[in-house]
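Participant: See model_35.cif below, with mmCIF, C-alpha atoms.
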data_structure
loop_
_atom_site.label_atom_id
_atom_site.label_comp_id
_atom_site.auth_asym_id
_atom_site.auth_seq_id
_atom_site.Cartn_x
_atom_site.Cartn_y
_atom_site.Cartn_z
CA MET A 15 70.48 130.23 122.69
CA PHE A 16 74.04 131.16 121.76
CA GLU A 17 72.89 132.65 118.47
CA ASN A 18 70.96 135.14 120.60
CA VAL A 19 74.15 135.82 122.58
CA ASP A 20 76.03 136.52 119.35
CA ASN A 21 73.32 138.96 118.31
CA GLU A 22 73.45 140.70 121.71
CA VAL A 23 77.24 140.92 121.56
CA LYS A 24 77.09 142.29 118.02
CA LYS A 25 74.57 144.91 119.12
CA ASN A 26 76.69 145.80 122.17
CA ILE A 27 79.83 146.26 120.05
CA VAL A 28 78.17 148.34 117.34
CA GLU A 29 76.40 150.59 119.85
CA PHE A 30 79.64 151.18 121.74
CA TYR A 31 81.52 152.03 118.57
CA ASN A 32 78.84 154.47 117.44
CA LEU A 33 79.07 156.27 120.80
CA HIS A 34 82.89 156.43 120.67
CA LYS A 35 83.41 156.58 116.92
CA ASN A 36 85.65 159.66 116.79
CA GLU A 37 88.08 158.44 119.44
CA CYS A 38 88.19 154.88 118.05
CA ASP A 39 88.83 156.13 114.52
CA GLU A 40 91.51 158.59 115.64
CA LEU A 41 93.38 156.01 117.73
CA TYR A 42 93.24 153.48 114.91
CA SER A 43 94.59 156.07 112.49
CA ASP A 44 97.40 157.05 114.87
CA ALA A 45 98.34 153.43 115.56
CA THR A 46 98.54 152.53 111.88
CA ASN A 47 100.22 155.72 110.65
CA ILE A 48 103.01 156.33 113.15
CA ASN A 49 105.93 158.07 111.46
CA LYS A 50 108.67 155.72 112.65
CA LEU A 51 111.47 158.07 111.64
CA LYS A 52 110.18 160.59 114.17
CA ILE A 53 109.32 158.24 117.02
CA TYR A 54 112.12 155.66 116.88
CA GLN A 55 115.89 155.68 117.09
CA THR A 56 117.31 152.29 116.11
CA THR A 57 120.66 151.32 117.57
CA LYS A 58 123.18 148.51 117.07
CA ASN A 59 125.43 149.74 119.88
CA ASP A 60 125.63 146.71 122.18
CA GLU A 61 127.43 148.56 124.99
CA TRP A 62 124.80 151.30 125.10
CA VAL A 63 122.06 148.66 125.22
CA LYS A 64 123.78 146.93 128.15
CA TYR A 65 123.77 150.29 129.93
CA LEU A 66 120.05 150.73 129.18
CA LEU A 67 119.33 147.20 130.39
CA ILE A 68 121.01 147.73 133.74
CA LYS A 69 119.04 150.97 134.25
CA THR A 70 115.69 149.30 133.46
CA ASP A 71 113.16 149.67 136.30
CA ILE A 72 110.12 147.93 134.77
CA VAL A 73 109.75 145.43 131.92
CA ILE A 74 106.52 145.63 129.89
CA LEU A 75 105.36 142.83 127.58
CA THR A 76 102.93 143.13 124.68
CA ALA A 77 101.73 140.57 122.14
CA ASN A 78 99.61 142.64 119.78
CA PHE A 79 100.22 145.30 117.12
CA PHE A 80 97.86 147.83 118.70
CA GLU A 81 99.11 147.22 122.22
CA LYS A 82 102.63 148.03 121.05
CA ASN A 83 101.83 151.05 118.90
CA ILE A 84 99.46 152.73 121.34
CA LEU A 85 101.98 152.16 124.17
CA HIS A 86 104.70 153.83 122.08
CA LEU A 87 102.45 156.61 120.87
CA MET A 88 101.37 157.58 124.39
CA ALA A 89 104.88 157.27 125.88
CA SER A 90 106.60 159.27 123.14
CA CYS A 91 103.97 162.02 123.21
CA ASN A 92 104.19 162.36 126.99
CA ASN A 93 108.01 162.32 127.13
CA LYS A 94 108.68 164.31 123.97
CA SER A 95 111.57 161.95 123.29
CA LYS A 96 112.44 159.17 120.88
CA ILE A 97 112.02 155.49 121.67
CA ILE A 98 115.23 153.46 121.42
CA HIS A 99 114.77 150.33 119.29
CA TYR A 100 117.07 147.29 119.39
CA THR A 101 116.85 143.65 118.26
CA ILE A 102 117.86 140.80 120.56
CA ASN A 103 118.22 137.07 120.10
CA SER A 104 116.03 135.82 122.94
CA TYR A 105 117.38 132.25 122.62
CA ASN A 106 120.88 131.32 123.79
CA ASN A 107 121.20 129.03 120.80
CA PRO A 108 123.08 130.33 117.74
CA GLN A 109 121.72 127.44 115.68
CA ARG A 110 118.15 128.47 116.39
CA PRO A 111 117.94 132.23 116.92
CA LEU A 112 114.69 133.94 117.84
CA TYR A 113 114.95 137.66 117.17
CA VAL A 114 112.71 139.94 119.22
CA ASN A 115 112.21 143.71 119.06
CA VAL A 116 112.85 145.57 122.31
CA TYR A 117 112.38 149.25 123.11
CA PHE A 118 113.62 151.65 125.79
CA PHE A 119 111.72 154.72 127.00
CA ASP A 120 110.37 156.33 130.17
CA ILE A 121 106.92 156.41 131.72
CA GLY A 122 106.86 158.92 134.52
CA ASP A 123 109.95 158.38 136.67
CA TYR A 124 110.49 154.77 135.59
CA HIS A 125 112.90 153.50 132.93
CA ILE A 126 110.99 151.01 130.78
CA LEU A 127 112.15 148.05 128.74
CA HIS A 128 109.36 147.00 126.39
CA MET A 129 109.58 143.56 124.78
CA GLU A 130 107.37 142.68 121.81
CA ALA A 131 106.35 139.03 121.77
CA LYS A 132 106.52 137.23 118.45
CA GLN A 133 103.17 135.52 119.06
CA THR A 134 100.23 135.64 121.41
CA GLY A 135 100.10 133.06 124.17
CA SER A 136 102.50 131.95 126.89
CA TYR A 137 104.33 128.94 125.49
CA SER A 138 104.09 129.50 121.75
CA MET A 139 107.45 130.20 120.08
CA GLY A 140 108.42 133.71 121.13
CA GLY A 141 105.50 133.97 123.56
CA SER A 142 105.51 135.63 126.97
CA SER A 143 107.42 132.84 128.74
CA ASP A 144 110.39 133.10 126.34
CA LEU A 145 110.68 136.84 126.97
CA ILE A 146 110.49 136.44 130.74
CA ARG A 147 113.13 133.72 130.75
CA TYR A 148 115.41 136.04 128.80
CA ILE A 149 115.00 138.73 131.47
CA LEU A 150 115.44 136.37 134.41
CA LYS A 151 118.66 134.97 132.93
CA ASN A 152 120.04 138.27 131.65
CA GLU A 153 123.09 139.41 133.63
CA PHE A 154 122.56 143.09 132.85
CA CYS A 155 118.84 143.50 133.56
CA TYR A 156 117.59 143.60 137.18
CA PRO A 157 114.13 145.26 137.08
CA SER A 158 111.70 145.48 139.98
CA ALA A 159 108.69 144.02 138.13
CA ILE A 160 107.36 142.64 134.84
CA ILE A 161 103.99 143.81 133.51
CA SER A 162 101.90 142.23 130.77
CA TYR A 163 99.89 145.08 129.24
CA GLY A 164 97.22 145.26 126.58
CA ILE A 165 93.83 143.84 125.66
CA CYS A 166 91.57 141.03 126.82
CA PHE A 167 88.03 139.71 126.42
CA GLY A 168 85.35 140.59 128.93
CA ASN A 169 82.88 138.17 130.46
CA ASN A 170 79.72 140.09 131.34
CA TYR A 171 78.73 142.62 128.68
CA HIS A 172 75.74 143.68 130.75
CA GLU A 173 77.87 144.89 133.68
CA TYR A 174 81.09 145.95 131.95
CA ARG A 175 81.90 147.76 128.73
CA ILE A 176 84.61 147.89 126.11
CA GLY A 177 87.63 149.78 127.41
CA ASP A 178 87.11 148.74 131.04
CA THR A 179 90.51 147.80 132.46
CA ILE A 180 91.13 144.71 134.59
CA ILE A 181 94.08 144.26 136.93
CA ALA A 182 94.31 140.53 137.55
CA LYS A 183 94.09 139.50 141.19
CA LYS A 184 93.89 135.77 140.53
CA LEU A 185 94.49 133.79 137.32
CA TYR A 186 92.79 130.51 136.37
CA PRO A 187 94.61 128.78 133.50
CA TYR A 188 92.56 126.88 130.92
CA PHE A 189 94.28 124.22 128.75
CA MET A 190 97.61 124.79 130.52
CA SER A 191 97.38 123.21 134.01
CA ALA A 192 93.69 122.39 133.52
CA LYS A 193 92.26 118.95 134.17
CA VAL A 194 89.66 116.74 132.53
CA LYS A 195 87.95 114.22 134.77
CA GLU A 196 84.87 112.13 133.99
CA LYS A 197 84.04 114.37 131.02
CA ASN A 198 84.11 117.47 133.20
CA PHE A 199 86.59 120.27 132.69
CA PHE A 200 87.88 121.85 135.87
CA ILE A 201 90.76 123.82 137.35
CA GLU A 202 92.31 122.81 140.65
CA ASP A 203 93.12 125.46 143.25
CA SER A 204 96.74 124.27 143.28
CA ASN A 205 97.09 125.39 139.65
CA ILE A 206 95.91 128.97 140.03
CA PHE A 207 98.13 132.04 140.38
CA ASN A 208 97.67 134.92 142.80
CA ILE A 209 99.16 138.37 142.58
CA ASP A 210 102.06 139.02 144.96
CA THR A 211 100.87 139.86 148.50
CA GLN A 212 102.71 143.21 148.63
CA LEU A 213 101.31 144.29 145.27
CA ASP A 214 97.84 143.23 146.40
CA THR A 215 98.12 145.37 149.54
CA LYS A 216 99.24 148.40 147.56
CA ILE A 217 96.49 148.01 144.97
CA GLN A 218 93.88 147.65 147.71
CA PHE A 219 95.17 150.91 149.20
CA LEU A 220 94.80 152.72 145.85
CA ILE A 221 91.29 151.32 145.50
CA GLY A 222 90.50 152.66 148.96
CA ASN A 223 91.85 156.07 147.92
CA SER A 224 89.83 155.97 144.69
CA GLU A 225 92.95 156.09 142.49
CA LEU A 226 91.68 152.83 141.02
CA SER A 227 87.90 152.68 141.01
CA LYS A 228 84.79 151.61 139.16
CA ASN A 229 84.09 155.27 138.48
CA ASN A 230 87.13 155.46 136.20
CA ARG A 231 86.33 151.97 134.87
CA ILE A 232 89.26 150.14 136.47
CA PHE A 233 88.50 146.78 138.10
CA TYR A 234 90.56 144.45 140.27
CA GLY A 235 89.48 140.84 139.97
CA ASN A 236 89.87 137.34 138.61
CA MET A 237 90.67 136.30 135.05
CA VAL A 238 91.11 133.12 133.04
CA THR A 239 94.20 132.66 130.89
CA GLY A 240 95.14 130.16 128.20
CA GLU A 241 96.85 129.40 124.91
CA ALA A 242 93.74 129.32 122.72
CA VAL A 243 91.77 132.29 121.44
CA ILE A 244 88.20 132.20 122.76
CA SER A 245 85.69 133.37 120.20
CA ASN A 246 82.69 131.26 121.12
CA ALA A 247 80.20 132.08 123.88
CA LEU A 248 79.68 128.41 124.78
CA MET A 249 83.42 127.71 125.20
CA LYS A 250 83.88 130.91 127.15
CA ASP A 251 81.20 129.88 129.63
CA ILE A 252 82.69 126.38 129.98
CA PHE A 253 86.12 127.74 130.89
CA ILE A 254 84.85 130.46 133.21
CA ASN A 255 82.40 128.18 135.01
CA ALA A 256 85.09 125.51 135.41
CA ALA A 257 87.46 127.99 136.99
CA THR A 258 85.76 129.12 140.16
CA ASN A 259 82.61 130.07 141.96
CA GLN A 260 84.06 133.57 142.34
CA PRO A 261 83.34 136.17 139.64
CA VAL A 262 85.63 136.07 136.60
CA LEU A 263 85.83 139.43 134.83
CA GLY A 264 87.49 138.31 131.61
CA GLY A 265 90.34 136.41 130.02
CA GLU A 266 93.54 136.64 127.99
CA MET A 267 96.48 134.57 126.71
CA GLU A 268 99.82 135.69 128.20
CA GLY A 269 99.23 135.61 131.94
CA TYR A 270 100.04 131.94 132.52
CA GLY A 271 103.60 132.28 131.24
CA LEU A 272 104.03 135.57 133.10
CA PHE A 273 103.05 134.23 136.51
CA LYS A 274 104.54 130.75 136.13
CA GLU A 275 107.98 132.04 135.17
CA CYS A 276 108.00 134.96 137.63
CA GLN A 277 106.89 132.76 140.53
CA GLY A 278 109.28 129.97 139.66
CA PHE A 279 111.40 127.53 141.61
CA ASP A 280 114.68 129.44 141.88
CA CYS A 281 113.64 133.09 141.69
CA PHE A 282 110.81 135.49 142.36
CA MET A 283 109.92 138.53 140.27
CA PRO A 284 106.86 140.67 141.08
CA CYS A 285 104.51 140.69 138.10
CA MET A 286 101.20 142.21 137.09
CA LEU A 287 98.58 141.80 134.37
CA ILE A 288 96.87 144.98 133.09
CA LYS A 289 94.39 144.36 130.27
CA SER A 290 91.42 146.29 128.85
CA ILE A 291 88.33 144.74 127.30
CA CYS A 292 88.16 144.89 123.51
CA ASP A 293 85.57 142.12 122.91
CA TRP A 294 83.43 139.54 124.70
CA GLY A 295 84.98 136.21 123.75
CA ALA A 296 82.24 135.77 121.15
CA TYR A 297 81.54 137.14 117.70
CA LYS A 298 85.24 138.01 117.29
CA ASN A 299 85.35 137.44 113.56
CA ILE A 300 82.98 140.25 112.74
CA ASP A 301 81.65 140.34 109.20
CA GLU A 302 82.34 143.97 108.32
CA LYS A 303 80.06 143.80 105.29
CA ASP A 304 77.23 142.91 107.64
CA ILE A 305 77.76 145.88 109.94
CA GLU A 306 79.28 148.28 107.40
CA ILE A 307 82.09 149.43 109.73
CA GLU A 308 85.61 148.99 108.37
CA ASN A 309 88.34 147.68 110.67
CA LEU A 310 85.98 147.64 113.65
CA LYS A 311 87.87 144.94 115.53
CA ASP A 312 91.17 146.82 115.16
CA LYS A 313 89.61 150.12 116.18
CA LEU A 314 88.27 148.60 119.38
CA GLN A 315 91.69 147.09 120.13
CA ALA A 316 93.32 150.50 119.70
CA TYR A 317 90.72 152.06 122.01
CA ALA A 318 91.18 149.37 124.68
CA SER A 319 94.97 149.67 124.48
CA LYS A 320 94.75 153.37 125.33
CA GLN A 321 92.48 152.65 128.30
CA ALA A 322 95.00 150.10 129.58
CA TYR A 323 97.74 152.73 129.23
CA LYS A 324 95.80 155.13 131.47
CA THR A 325 95.83 152.50 134.23
CA LEU A 326 99.51 151.81 133.60
CA GLU A 327 100.25 155.50 134.13
CA ILE A 328 98.41 155.51 137.46
CA LEU A 329 100.34 152.48 138.69
CA LEU A 330 103.65 153.98 137.56
CA LYS A 331 103.14 157.28 139.38
CA LYS A 332 106.04 157.30 141.82
CA GLU A 333 103.92 158.79 144.60
CA ASN A 334 101.67 155.70 144.47
CA ASP A 335 104.67 153.58 145.48
CA ILE A 336 103.47 150.42 143.72
CA PHE A 337 106.85 149.36 142.36
CA GLU A 338 110.43 149.50 143.59
CA TYR A 339 113.17 150.93 141.43
CA SER A 340 115.63 148.66 139.62
CA LEU A 341 118.57 147.10 141.39
CA TYR A 342 120.83 149.69 139.77
CA ARG A 343 118.67 152.61 140.90
CA GLN A 344 118.58 151.27 144.46
CA ILE A 345 122.38 150.99 144.43
CA THR A 346 122.73 154.49 142.95
CA ASN A 347 120.56 156.03 145.66
CA MET A 348 122.57 154.27 148.37
CA VAL A 349 125.90 155.31 146.83
CA ILE A 350 124.80 158.95 146.71
CA MET A 351 123.74 158.77 150.36
CA LEU A 352 127.21 157.51 151.33
CA SER A 353 128.96 160.71 150.40
CA LEU A 354 128.18 164.40 150.32
CA LYS A 355 131.59 165.53 149.12
CA LYS A 356 133.94 164.95 146.23
CA GLY A 357 136.89 162.59 146.47
CA GLU A 358 135.78 160.03 149.06
CA VAL A 359 136.88 156.51 148.12
CA PHE A 360 134.43 153.84 147.04
CA HIS A 361 135.51 150.29 146.20
CA GLU A 362 134.18 146.90 145.24
CA ALA A 363 133.85 145.52 148.77
CA VAL A 364 131.37 148.27 149.68
CA LEU A 365 129.20 147.44 146.68
CA GLU A 366 129.29 143.70 147.40
CA ASP A 367 128.22 144.42 150.99
CA MET A 368 125.26 146.47 149.70
CA LEU A 369 124.17 143.64 147.43
CA ASN A 370 124.39 141.08 150.21
CA ARG A 371 122.69 143.09 152.96
CA ASP A 372 120.62 146.02 151.81
CA VAL A 373 119.27 145.58 148.29
CA ASN A 374 116.02 143.81 147.40
CA LYS A 375 116.95 140.85 145.21
CA PHE A 376 114.19 139.37 143.05
CA LYS A 377 116.33 137.06 140.95
CA LYS A 378 119.57 135.21 141.50
CA TYR A 379 122.92 136.78 140.76
CA ASN A 380 124.73 134.34 138.49
CA ASN A 381 128.03 136.14 138.93
CA GLU A 382 128.28 138.81 141.63
CA LYS A 383 131.71 140.00 140.46
CA PHE A 384 130.35 140.52 136.95
CA LEU A 385 127.30 142.33 138.32
CA CYS A 386 129.50 144.66 140.40
CA LYS A 387 131.58 145.47 137.32
CA ASN A 388 128.44 146.32 135.33
CA ILE A 389 127.13 148.55 138.12
CA PHE A 390 130.48 150.34 138.43
CA ASN A 391 130.53 150.93 134.65
CA ALA A 392 127.06 152.46 134.80
CA LEU A 393 127.93 154.62 137.82
CA VAL A 394 130.96 155.94 135.94
CA ARG A 395 128.86 156.59 132.84
CA ASP A 396 126.31 158.46 134.97
CA GLU A 397 129.19 160.54 136.41
CA ILE A 398 128.44 159.52 140.00
CA ILE A 399 131.92 158.05 140.54
CA GLU A 400 135.21 158.03 138.66
CA GLU A 401 137.91 155.37 138.62
CA VAL A 402 141.11 156.25 140.47
CA LYS A 403 142.85 152.96 139.77
CA GLU A 404 141.66 149.44 139.03
CA GLY A 405 138.88 148.53 141.47
CA ILE A 406 139.12 151.83 143.37
CA PHE A 407 136.74 154.71 142.70
CA SER A 408 136.11 158.15 144.12
CA PHE A 409 132.89 160.13 144.30
CA LYS A 410 132.43 162.96 141.86
CA GLU A 411 131.05 166.33 142.84
CA ARG A 412 127.30 166.19 143.43
CA LYS A 413 125.27 168.02 140.78
#
Translate this structure into structure tokens?

Facilitator:
Amino acid sequence: MFENVDNEVKKNIVEFYNLHKNECDELYSDATNINKLKIYQTTKNDEWVKYLLIKTDIVILTANFFEKNILHLMASCNNKSKIIHYTINSYNNPQRPLYVNVYFFDIGDYHILHMEAKQTGSYSMGGSSDLIRYILKNEFCYPSAIISYGICFGNNYHEYRIGDTIIAKKLYPYFMSAKVKEKNFFIEDSNIFNIDTQLDTKIQFLIGNSELSKNNRIFYGNMVTGEAVISNALMKDIFINAATNQPVLGGEMEGYGLFKECQGFDCFMPCMLIKSICDWGAYKNIDEKDIEIENLKDKLQAYASKQAYKTLEILLKKENDIFEYSLYRQITNMVIMLSLKKGEVFHEAVLEDMLNRDVNKFKKYNNEKFLCKNIFNALVRDEIIEEVKEGIFSFKERK
């Protein structure tokens, strides 16, 4: 039975590639031949990076070579600017450092921090959970959301096709938080994750306005998520059937860590999963000699990564109002509204009052005095205010 499934999946993949050969080949070539000297600017300036961290609106996570390179390729081409590259130690343990590549760039009106996971999965060393913990504990970075972007496997190859993008509405973890009882594998409702209610409402609105629709191959639905790669049709069916009696569109490996850390005990950070189908959870290890197509798996991953980026762009259009700005941007807008003329005084007590009353807070402030100092430093650097004397600032002339 499942041998027939493998043959059908193989036929589906080859037929899709033949129909989209030029685009798949071109994206694969671009992703593997990026001239890094032209696209990237590497920095070791810690103070500049702290400034970029505090200005970050959205954090994007990837766990795959093609996810990363296509994301950078599209962003750099659209912005006509270089991507800032920096290396962080994501562990607060000097005896056991874990160095991770991070990147700063813009998509639309949003300042992006992109973090490149060391491995696929949520709780593998350097997986998605480690990166999210770094953000949630970082005293310079106060974004409005974290997005896991990239590729996934699809469930129903008769109804969907490679490159279709799934925004996860509900996540059913397999292995992590799954149960085994009387030889049956199942997932309890208490262990599933749902997208934030406000994000759900906004996405439903965009679906109603056809910004996100089946016509442009974007789907909003349920997914499974787990630590193990699924490459067997039988195992895929076991996990999906154990999850729910509602339709499951596909599955991936980073969502569990994303949702569990962002919807944790002592903080809340809006998060979203945006993944495009690159295979069907079966026949992953394609024998290229058998089909005579070199690097087929990689070419399909590059293609799917671009499709996911198209959805990311829609969601990051400011007029769609899906995401808030960063804490710093919210403060900046409020500070500018306070004064229309040069020279008015602005001091620390005003900023503390804003933080306590008016600003959306998604994660705890470990040290409010330290946060205020960082915000003041950024406001000075952005030439919105200037220091008159210690702790006292005045507004600069509006540009």

Participant: Would you kindly translate the PyMOL selection byres ((chain A and resi 310) around 10) into the concrete residues it picks from this file, as an NGL selection string?

Facilitator: :A and (27-28 or 31 or 35 or 38-39 or 42 or 300-302 or 305-309 or 311-316)

Participant: What separation in Å, quoted to one decimal, exists between atom CA of Asn374 of chain A and atom CA of Thr215 of chain A?

Facilitator: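 One can read the atom CA of Asn374 of chain A to atom CA of Thr215 of chain A distance as 18.1 Å.
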
Participant: Any idea what the distance is between atom CA of Glu275 of chain A and atom CA of Met237 of chain A?

Facilitator: 17.8 Å

Participant: Could you tell me which residues the PyMOL selection byres ((chain A and resi 380) around 12) returns for this structure, as a list in words?

Facilitator: Leu150, Lys151, Asn152, Glu153, Phe154, Cys155, Tyr156, Asp280, Cys281, Lys377, Lys378, Tyr379, Asn381, Glu382, Lys383, Phe384, Leu385 and Cys386 of chain A

Participant: List as a Markdown table every residue of segment 120-139 of chain A that is in contact with segment 75-82 of chain A, defined as an atom at most 9 Å from one of its atoms (using all atoms listed in the file), together with the nearest atom pair and the distance in Å rounded to one decimal, sorted by chain and then rising number.

Facilitator:
| residue | atom | partner | partner_atom | distance |
| --- | --- | --- | --- | --- |
| A:Leu127 | CA | A:Leu75 | CA | 8.6 |
| A:His128 | CA | A:Leu75 | CA | 5.9 |
| A:Met129 | CA | A:Leu75 | CA | 5.1 |
| A:Glu130 | CA | A:Thr76 | CA | 5.3 |
| A:Ala131 | CA | A:Ala77 | CA | 4.9 |
| A:Lys132 | CA | A:Ala77 | CA | 6.9 |
| A:Gln133 | CA | A:Ala77 | CA | 6.1 |
| A:Thr134 | CA | A:Ala77 | CA | 5.2 |
| A:Gly135 | CA | A:Ala77 | CA | 7.9 |

Participant: Since I can't run it myself right now, could you work out what the PyMOL selection byres ((chain A and resi 330) around 12) selects here and report it as JSON, numbers by chain?

Facilitator: {"A": [71, 72, 73, 74, 120, 121, 122, 123, 124, 125, 126, 158, 159, 161, 217, 225, 323, 324, 325, 326, 327, 328, 329, 331, 332, 333, 334, 335, 336, 337, 338, 339]}

Participant: Can you tell me, as a PDB file with C-alpha atoms, in the frame of the given file, what residues are no more than 9 Å from Leu263 of chain A when counting all atoms listed in the file, ignoring any on the same chain fewer than 2 positions away?

Facilitator:
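Below is the file out-v7.pdb, written as the result:
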ATOM      1  CA  PHE A 167      88.030 139.710 126.420  1.00  0.00           C
ATOM      2  CA  GLY A 168      85.350 140.590 128.930  1.00  0.00           C
ATOM      3  CA  ASN A 169      82.880 138.170 130.460  1.00  0.00           C
ATOM      4  CA  ASN A 170      79.720 140.090 131.340  1.00  0.00           C
ATOM      5  CA  TYR A 174      81.090 145.950 131.950  1.00  0.00           C
ATOM      6  CA  ILE A 180      91.130 144.710 134.590  1.00  0.00           C
ATOM      7  CA  ALA A 182      94.310 140.530 137.550  1.00  0.00           C
ATOM      8  CA  PHE A 233      88.500 146.780 138.100  1.00  0.00           C
ATOM      9  CA  TYR A 234      90.560 144.450 140.270  1.00  0.00           C
ATOM     10  CA  GLY A 235      89.480 140.840 139.970  1.00  0.00           C
ATOM     11  CA  ASN A 236      89.870 137.340 138.610  1.00  0.00           C
ATOM     12  CA  MET A 237      90.670 136.300 135.050  1.00  0.00           C
ATOM     13  CA  VAL A 238      91.110 133.120 133.040  1.00  0.00           C
ATOM     14  CA  PRO A 261      83.340 136.170 139.640  1.00  0.00           C
ATOM     15  CA  GLY A 265      90.340 136.410 130.020  1.00  0.00           C
TER      16      GLY A 265
END

Participant: Between A:Ile399, A:Leu287, A:Cys292, A:Leu220, which has the minimum distance to Tyr171 of chain A (counting only C-alpha atoms)?

Facilitator: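 Comparing A:Ile399, A:Leu287, A:Cys292, A:Leu220 against Tyr171 of chain A, the winner is A:Cys292.
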
Participant: To one decimal place in Å, what is the distance between atom CA of Gly295 of chain A and atom CA of Ile244 of chain A?

Facilitator: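 Atom CA of Ile244 of chain A lies at a distance of 5.2 Å from atom CA of Gly295 of chain A.
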
Participant: From the options A:Arg395, A:Lys94, A:His361, A:Lys25, which residue's atoms come nearest to Lys52 of chain A, counting all atoms listed in the file?

Facilitator: A:Lys94

Participant: Do a neighbour search on Ile165 of chain A at 7 Å with only C-alpha atoms, toss out local chain neighbours closer than 2 positions, and write the hits as a ChimeraX atom specification.

Facilitator: /A:289-292,315,318-319

Participant: Which residues, written as number ranges by chain, have at least one atom at most 8 Å from Phe207 of chain A, with all atoms listed in the file counted and residues fewer than 4 positions away on the same chain left out?

Facilitator: A: 184-186, 273-274

Participant: Excluding same-chain residues fewer than 3 positions from Phe360 of chain A, what lies within 12 Å of it counting all atoms listed in the file, as a count of residues only?

Facilitator: 28

Participant: Could you work out an axis-aligned bounding box for all listed atoms of segment 100-103 of chain A, with 6 Å added on each of the six sides, and give its centre and edge lengths in Å to one decimal, as AutoDock Vina command-line options?

Facilitator:
--center_x 117.5 --center_y 142.2 --center_z 119.4 --size_x 13.4 --size_y 22.2 --size_z 14.3

Participant: Which residue out of A:Leu341, A:Val114, A:Ala296, A:Leu213 has the minimum interatomic distance to Gly140 of chain A when all atoms listed in the file are used?

Facilitator: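 Closest to Gly140 of chain A, using all atoms listed in the file: A:Val114.
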
Participant: Which is closest to Gln277 of chain A among A:Leu66, A:Val262, A:Ile146, A:Leu112, if we use all atoms listed in the file?

Facilitator: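 With all atoms listed in the file as the atom set, the closest residue is A:Ile146.
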